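Note sheet for the following structure.
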Amino acid sequence: MRRTRRATVAVLPVVALVLAACSSGGGDQGGAASADFTGTPSGTMNGWAFDNADDVGTARMDHAAGQLDGVTVKLDQTAFDAQKFTTRLAGGDVPDVVQMDRRYVTTYAAQGLILPLDECFTAHDVDPDTRWYPFVVDDVRYQDKVWAVPQFYQPPAILLNKRVMDAAGVTDEQIDTSKPDVLVGALTAMYKESGGVPTTLGFDPVATGQAGLWVLAMGGRLTDDAGKPTLDDPANTAGLDLLKKIADAQGGFAKVKSFTDAFDTFGDANQFVTDQVGAQVDAQWYPNVLSPYLDKVQLGAVPFKDKDGKPFTVTSGQAFVIPQGAKNPAAACAWALELTTLDAWKAAAEARSATLQKDGGLNTGLFTGSPEADKAIRDQYVVPTGNAGFDQVISTYYDVLGYGKTFGSSPAGQDIESELNNAVTATLLGDKSATEALADAQTAAQRAYDNVTAGS
């Protein structure tokens with residue numbers, strides 16, 4: 001059993017963490033052998049890209065500080081910037097731990113800019129596939145190594161505006177992404193326009209924001225097992241073709257995009273209050289935004305389904321990495337792992353509960369990336385709200401957690417995502433067929449992959 005240690009936290013100058021609740025190995029691995037994760041953590045540990053603290057992040061940070069004796073933690077609140085990261089490392093200004101989106105991780109692993117963390121996990125008796133959902137770990141697994149400590153996994157599902165659905169005679173069963181004809185029929189029944197301009201979308205698929213979800217669910221793939229882009233896989237066209245059917249049934253993508261861009265998504269006149277959507281693909285954090293408006297909305301939810309009719313969702317979130325050349329990898333390893341323990345998440349859940357009791361609001365739980373923590377928090381803090389529809393929404397997001405799939409761990413992860421969105425836009429606007437758009441996207445993504453992996 002590891003003994004309890006306590007750390008001193010120094011704030012620079014205003015500390016914040018994106019340990020918030022809303023919320024790409026090849027390369028030169030020579031430095032990995034010199035990184036000692038086994039020593040007793042001590043000294044100063046410098047962290048970077050820990051911005052946007054909230055009660056959840058602060059509670060976890062306080063918990064980690066209470067476990068590390070003799071470690072002074074200095075955190076830079078600056079947001080992560082990819083160019084600045086490589087510039088800092090090239091100039092020798094190397095932080096000990098960095099927080100970033102998981103889609104970046106494999107890119108830096110392939111370039112030899114971060115350390116594999118398998119020895120970090122071993123030193124602390126952590127099995128990554130047990131602490132986190134295996135598909136969350138797959139986001140940061142590359143060449144049989146794990147390159148980051150993941151945090152958070154807030155799955156997408158489909159939020160329902162029951163008021164719009166009931167008025168159109170549409171049932172929950174018709175909002176089924178595995179049955180395109182049924183889905184298009186349902187959204188057509190709910191769709192309204194005035195002068196050729198949409199006033200109510202039957203279904204908002206969030207096409208460019210959730211493109212990977214649609215491609216993977218319909219049987220496609222974004223990468224192969226080695227992380228190479230596979231955007232031109234013929235199976236990928238099914239997702240784009242379905243998105244085009246959905247857009248065309250509602251006035252075309254240009255009109256849909258213009259309409260959705262004007263949504264007051266976080267405000268009093270949001271799309272559910274104003275009945276601008278009948279259903280919408282949303283990540284788990286969005287019900288928190290809607291919780292103050294429960295007297296003005298009638299909500300429900302159904303899982304997003306794959307082509308075979310099974311619930312389907314994808315992982316995303318952030319992670320902690322330890323750069324090559326970090327001066328205090330032992331403290332960085334211990335600190336990152338402490339932030340993701342069950343006790344850390346329990347402290348975060350307690351802090352969130354206290355915040356809600358003070359400020360008002362409904363507890364939708366915390367979606368941590370850890371199955372043990374998710375269950376413990378749900379069991380203790382997610383109680384009936386008094387609104388049956390909202391309770392069903394919360395339950396739906398918890399129910400789909402076990403059906404996750406990684407987008408794919410690739411050295412070109414960010415470029416694959418960007419090029420896929422370009423292909424979706426070109427297809428939905430009718431500028432190219434899905435096959436043509438994906439072929440062009442593949443060329444660009446492959447070029448990025450080759451650039452990242454050159455010489456590795």
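Here, A, B, ... name the chains of the structure tokens in the order displayed, residue numbers run from 1 inside each chain, and ligands are numbered from 1 in the same displayed order.
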Leu339 (chain A): which residues within 6 Å, counting only C-alpha atoms, same-chain residues fewer than 3 positions away excluded, as a VMD selection string? chain A and resid 60 64 336 344
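Interatomic distance, CA of Ser316 (chain A) against CA of Lys375 (chain A): 19.0 Å.
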Taking the DSSP assignment computed from this structure's backbone, write out as an MDAnalysis selection string all residues of region 221-411 of chain A that belong to strand (DSSP E or B).
chainID A and resid 223 229 277 279:283 299:302 305 311 313:314 318:321 323 404:405
Can you write out as CSV which residues of region 269-366 of chain A fall within 6 Å of region 147-168 of chain A, alongside each residue's closest atom pair and its distance in Å to one decimal, counting only C-alpha atoms and ordering rows by chain and ascending residue number?
```
residue,atom,partner,partner_atom,distance
A:Gly278,CA,A:Asn161,CA,4.9
A:Ala279,CA,A:Leu160,CA,4.5
A:Gln280,CA,A:Leu159,CA,5.3
A:Val281,CA,A:Ile158,CA,4.4
A:Asp282,CA,A:Pro156,CA,5.2
A:Ala283,CA,A:Pro156,CA,3.9
A:Gln284,CA,A:Gln154,CA,5.1
A:Gln298,CA,A:Lys162,CA,5.3
A:Leu299,CA,A:Asn161,CA,5.2
A:Gly300,CA,A:Leu160,CA,4.7
A:Ala301,CA,A:Leu159,CA,4.5
A:Val302,CA,A:Ile158,CA,5.4
A:Pro303,CA,A:Ala157,CA,5.0
A:Phe304,CA,A:Ala157,CA,5.1
A:Thr313,CA,A:Pro155,CA,5.9
A:Thr315,CA,A:Tyr153,CA,5.8
A:Ser316,CA,A:Tyr153,CA,5.7
A:Gly317,CA,A:Phe152,CA,5.3
A:Gln318,CA,A:Gln151,CA,5.5
A:Ala319,CA,A:Pro150,CA,4.1
A:Phe320,CA,A:Val149,CA,5.0
A:Val321,CA,A:Ala148,CA,4.8
```
Those selected residues, please, written with C-alpha atoms and delivered as a PDB file, in the first residue's frame.
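See out-v3.pdb below for the written result:
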```pdb
ATOM      1  CA  GLY A 278     -37.593  18.284 -32.463  1.00  0.00           C
ATOM      2  CA  ALA A 279     -34.481  16.233 -31.690  1.00  0.00           C
ATOM      3  CA  GLN A 280     -30.751  16.884 -31.609  1.00  0.00           C
ATOM      4  CA  VAL A 281     -27.517  14.969 -31.102  1.00  0.00           C
ATOM      5  CA  ASP A 282     -25.921  16.314 -27.911  1.00  0.00           C
ATOM      6  CA  ALA A 283     -23.093  15.352 -25.600  1.00  0.00           C
ATOM      7  CA  GLN A 284     -23.835  14.562 -21.965  1.00  0.00           C
ATOM      8  CA  GLN A 298     -40.398  18.823 -22.239  1.00  0.00           C
ATOM      9  CA  LEU A 299     -37.341  16.624 -22.663  1.00  0.00           C
ATOM     10  CA  GLY A 300     -36.611  12.999 -23.378  1.00  0.00           C
ATOM     11  CA  ALA A 301     -33.687  11.084 -24.832  1.00  0.00           C
ATOM     12  CA  VAL A 302     -32.887   8.007 -26.892  1.00  0.00           C
ATOM     13  CA  PRO A 303     -29.539   6.387 -27.653  1.00  0.00           C
ATOM     14  CA  PHE A 304     -27.793   7.034 -30.922  1.00  0.00           C
ATOM     15  CA  THR A 313     -21.396   6.346 -28.824  1.00  0.00           C
ATOM     16  CA  THR A 315     -15.248   8.727 -26.670  1.00  0.00           C
ATOM     17  CA  SER A 316     -13.653  12.119 -26.369  1.00  0.00           C
ATOM     18  CA  GLY A 317     -12.104  14.132 -23.611  1.00  0.00           C
ATOM     19  CA  GLN A 318      -8.805  15.278 -22.241  1.00  0.00           C
ATOM     20  CA  ALA A 319      -5.658  13.702 -20.893  1.00  0.00           C
ATOM     21  CA  PHE A 320      -2.446  14.418 -19.033  1.00  0.00           C
ATOM     22  CA  VAL A 321       0.851  13.788 -20.818  1.00  0.00           C
TER      23      VAL A 321
END
```
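You can rank A:Thr355, A:Ser409, A:Thr237, A:Gln392 by their closest distance to Ala217 (chain A) using only C-alpha atoms, and at the top of that list sits A:Thr237.
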Val452 (chain A) proximity check over A:Arg352, A:Lys310, A:Lys228, A:Lys296, using only C-alpha atoms: winner is A:Lys228
Across A:Gly212, A:Pro95, A:Gly325, A:Gly369, the smallest distance to Glu419 (chain A), with only C-alpha atoms counted, is shown by A:Gly212
query: Can you tell me, as number ranges by chain, what residues are no more than 12 Å from Ser353 (chain A) when counting only C-alpha atoms, ignoring any on the same chain fewer than 4 positions away?
result: A: 55-56, 59, 346-349, 357-366, 377-378, 380-383
Please produce a file of those selected residues containing C-alpha atoms, as a compact mmCIF listing (two decimals), in the first residue's frame.
```
# COMPACT_ATOMS: atom_id res chain seq x y z
CA ASP A 55 -15.52 23.13 -8.39
CA VAL A 56 -14.79 19.67 -9.81
CA ALA A 59 -11.67 19.45 -5.48
CA LYS A 346 -15.70 11.28 -5.00
CA ALA A 347 -14.26 14.55 -3.69
CA ALA A 348 -15.26 16.20 -6.96
CA ALA A 349 -18.79 14.80 -6.74
CA GLN A 357 -27.25 22.89 -3.07
CA LYS A 358 -25.93 26.43 -2.77
CA ASP A 359 -26.65 27.78 -6.25
CA GLY A 360 -29.51 25.55 -7.32
CA GLY A 361 -29.62 23.10 -10.18
CA LEU A 362 -30.04 19.39 -10.76
CA ASN A 363 -27.35 16.76 -10.37
CA THR A 364 -26.79 14.91 -13.64
CA GLY A 365 -23.69 13.15 -12.34
CA LEU A 366 -20.07 13.33 -13.43
CA ILE A 377 -21.20 8.94 -8.19
CA ARG A 378 -24.45 7.89 -9.82
CA GLN A 380 -24.76 8.40 -4.29
CA TYR A 381 -25.63 11.68 -5.96
CA VAL A 382 -27.95 11.14 -8.92
CA VAL A 383 -31.38 11.05 -7.32
```
Quick one: pick out all alpha helix (DSSP H) residues within region 182-323 of chain A from a backbone DSSP run and write them as a PyMOL selection string.
chain A and resi 182-190+211-217+237-248+253-261+286-290
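For Asp225 (chain A), the set of protein, DNA and RNA residues having any atom at most 10 Å away, when counting only C-alpha atoms and skipping those fewer than 3 positions along the same chain, is Tyr142, Gln143, Lys228, Pro229, Gly408, Ser409 and Ser410 of chain A.
One finds CA of Lys305 (chain A) at 9.5 Å from CA of Trp214 (chain A).
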